[in-house]
Amino acid sequence: MSSEVRKAPAEPDPGLFGPDSVSWQLHAQPAMWLAGVRSLYLQALHPRAVAGVVQNSDFRTDPLGRLVRTANFVGAATYCTREEIAARAARVRQVHRGLRAVDPDTGELFRIDEPELLLWVHCAEVSSFLSVGRRAGFPLTVAHADRYLDEQRRSASLVGLDPDEVPGSVAEMTEYLRLTRPLLRRTEDADEIYRFLHRPPVQGALALGVRVYEPVVGHLAYSLLPSWAVALYGRRAYPGPVATAALRGVSVGVRTFLRNTARVMREPRLGRLEPHPLWAVRRLGRWATPSAARLPGR
């Protein structure tokens, strides 16, 4: 008989959050596409944060690239293995470490990975995911919302933030946004992002879809901002009930539109939308399929 000790097969890695988390269920929802665009509008109201984007991003020549790359990073952070998440996060931190921008008000050269800016981007993003998900009808209780924000402290650590310094409940996020609002305002850079998100400068076959994109994605996502953010932009939004009804009606179509858009562009820099929830289910089994029925406590 062989003296070799047989090791039990390793359990599949559930990733940073796992299939029993709120993040696992929420981030697979189609409405997250609109939430991602909403978060870009919100981020752009921070003069220093938006200056970092405008001065370093190639969004003018690669219109959908940033959206796709951001979506892929969020998807990977939610559904990939811990090893892959760590590798992707390290690449993002390395890129951020080398980027600088000039403060448009003071002329100061600053790093775009300043903790204050990273925190603003994180909070604008996850608060948008939570707000839009609930508004789209995803059945999140107050306890689910608190748990989601607490879970997302782990994603904040991926970009270099101290999780203990990140809002981890609805009350903490509400207070953070209240304290940050005096720093926010409409600038020329914010206006450029507003125009870009409404009418991305795409060419060829994609240009045919802009007439649909602008009211269904660009302006609808803008209209999902909190009223104080719309007031800062000073531009009309769809009335609240109209925006909510439209969100619930078009979120699935938006995902299909953006997937087809990425396929048509076929530019190497754009890459492709990665089906992370599908890959996670293949890795773990069908029991891990994201669903409202899997929300904790249901």
# chains A, B, ... in the order shown; residues from 1 in each chain; ligands from 1
>>> select_by_dssp(residues="region 11-238 of chain A", states="strand (DSSP E or B)", output="ChimeraX atom specification")
/A:100-102,109-111
>>> write_last_selection(atoms="N, CA and C atoms", output="compact mmCIF listing (two decimals), in the first residue's frame")
# COMPACT_ATOMS: atom_id res chain seq x y z
N ARG A 100 -0.64 62.04 -11.64
CA ARG A 100 -0.73 63.35 -10.99
C ARG A 100 -1.68 64.23 -11.77
N ALA A 101 -2.19 65.27 -11.11
CA ALA A 101 -3.04 66.25 -11.77
C ALA A 101 -2.82 67.60 -11.12
N VAL A 102 -3.24 68.65 -11.79
CA VAL A 102 -3.08 70.01 -11.29
C VAL A 102 -4.43 70.51 -10.79
N LEU A 109 0.08 70.63 -7.72
CA LEU A 109 0.18 69.31 -8.29
C LEU A 109 -0.15 68.29 -7.20
N PHE A 110 -1.08 67.38 -7.49
CA PHE A 110 -1.48 66.42 -6.46
C PHE A 110 -1.55 65.01 -7.04
N ARG A 111 -1.45 64.05 -6.15
CA ARG A 111 -1.57 62.63 -6.52
C ARG A 111 -3.05 62.28 -6.60
>>> residues_around(residues="Ala293 (chain A)", least_positions_apart="6", cutoff="12 Å", atoms="only C-alpha atoms", output="compact mmCIF listing (two decimals) with N, CA, C and O atoms, in the first residue's frame")
# COMPACT_ATOMS: atom_id res chain seq x y z
N PRO A 19 -21.01 33.85 -1.99
CA PRO A 19 -22.38 33.79 -2.51
C PRO A 19 -23.47 34.11 -1.49
O PRO A 19 -24.63 34.25 -1.87
N ASP A 20 -23.14 34.20 -0.22
CA ASP A 20 -24.14 34.52 0.79
C ASP A 20 -24.17 36.01 1.13
O ASP A 20 -24.86 36.43 2.06
N SER A 21 -23.43 36.81 0.39
CA SER A 21 -23.35 38.24 0.67
C SER A 21 -24.41 39.03 -0.08
O SER A 21 -24.97 38.57 -1.08
N VAL A 22 -24.67 40.24 0.38
CA VAL A 22 -25.56 41.16 -0.33
C VAL A 22 -24.89 41.59 -1.63
O VAL A 22 -25.53 41.69 -2.68
N TRP A 24 -22.92 40.02 -3.60
CA TRP A 24 -23.01 38.97 -4.62
C TRP A 24 -24.34 39.06 -5.37
O TRP A 24 -24.38 38.89 -6.59
N GLN A 25 -25.41 39.32 -4.65
CA GLN A 25 -26.73 39.38 -5.28
C GLN A 25 -26.94 40.72 -6.01
O GLN A 25 -27.41 40.74 -7.15
N LEU A 26 -26.57 41.82 -5.36
CA LEU A 26 -26.86 43.14 -5.92
C LEU A 26 -26.07 43.43 -7.18
O LEU A 26 -26.61 43.96 -8.16
N PHE A 138 -35.07 46.16 -6.36
CA PHE A 138 -34.40 45.02 -5.75
C PHE A 138 -34.72 45.04 -4.26
O PHE A 138 -34.55 46.07 -3.60
N PRO A 139 -35.18 43.92 -3.69
CA PRO A 139 -35.77 43.93 -2.35
C PRO A 139 -34.75 43.98 -1.21
O PRO A 139 -34.56 43.01 -0.46
N LEU A 140 -34.11 45.11 -1.04
CA LEU A 140 -33.13 45.29 0.02
C LEU A 140 -33.79 45.95 1.23
O LEU A 140 -34.38 47.03 1.11
N TRP A 287 -25.69 26.46 -7.36
CA TRP A 287 -26.25 26.95 -6.10
C TRP A 287 -25.82 28.38 -5.81
O TRP A 287 -26.49 29.09 -5.05
>>> closest_residue(among="A:Val212, A:Tyr233, A:Pro12, A:Arg294", to="Tyr79 (chain A)", atoms="only C-alpha atoms")
A:Pro12
>>> closest_residue(among="A:Pro47, A:Gly218, A:Gly133, A:Pro163", to="Leu184 (chain A)", atoms="only C-alpha atoms")
A:Pro47
>>> closest_residue(among="A:Leu247, A:Val230, A:Leu284, A:Gly137", to="Val217 (chain A)", atoms="only C-alpha atoms")
A:Leu247
>>> residues_around(residues="Glu114 (chain A)", least_positions_apart="2", cutoff="12 Å", atoms="only C-alpha atoms", output="number ranges by chain")
A: 48-49, 52, 93, 96-101, 109-112, 116-121, 159-161
>>> closest_residue(among="A:Ala28, A:Cys80, A:Arg199, A:Arg60", to="Leu16 (chain A)", atoms="only C-alpha atoms")
A:Cys80
>>> residues_around(residues="Arg66 (chain A)", least_positions_apart="4", cutoff="12 Å", atoms="only C-alpha atoms", output="list in words")
Gly36, Val37, Leu40, Val53, Val54, Asn56, Ser57, Asp58, Phe59, Arg60, Thr61, Asp62, Thr70, Ala71, Asn72, Phe73, Leu197, Pro200, Ala262, Arg269, Leu270, Gly271, Arg272 and Leu273 of chain A
>>> closest_residue(among="A:Pro241, A:Pro115, A:Gly234, A:Gly285", to="Arg185 (chain A)", atoms="only C-alpha atoms")
A:Gly234
>>> closest_residue(among="A:Leu64, A:Ala89, A:Ala77, A:Leu220", to="Phe17 (chain A)", atoms="only C-alpha atoms")
A:Ala77
>>> select_by_dssp(residues="region 52-290 of chain A", states="alpha helix (DSSP H)", output="count of residues only")
147
>>> atom_distance(atom1="CA of Thr141 (chain A)", atom2="CA of Phe129 (chain A)")
14.5 Å
>>> atom_distance(atom1="CA of Asp150 (chain A)", atom2="CA of Val132 (chain A)")
17.6 Å
>>> atom_distance(atom1="CA of Arg88 (chain A)", atom2="CA of Val74 (chain A)")
10.5 Å
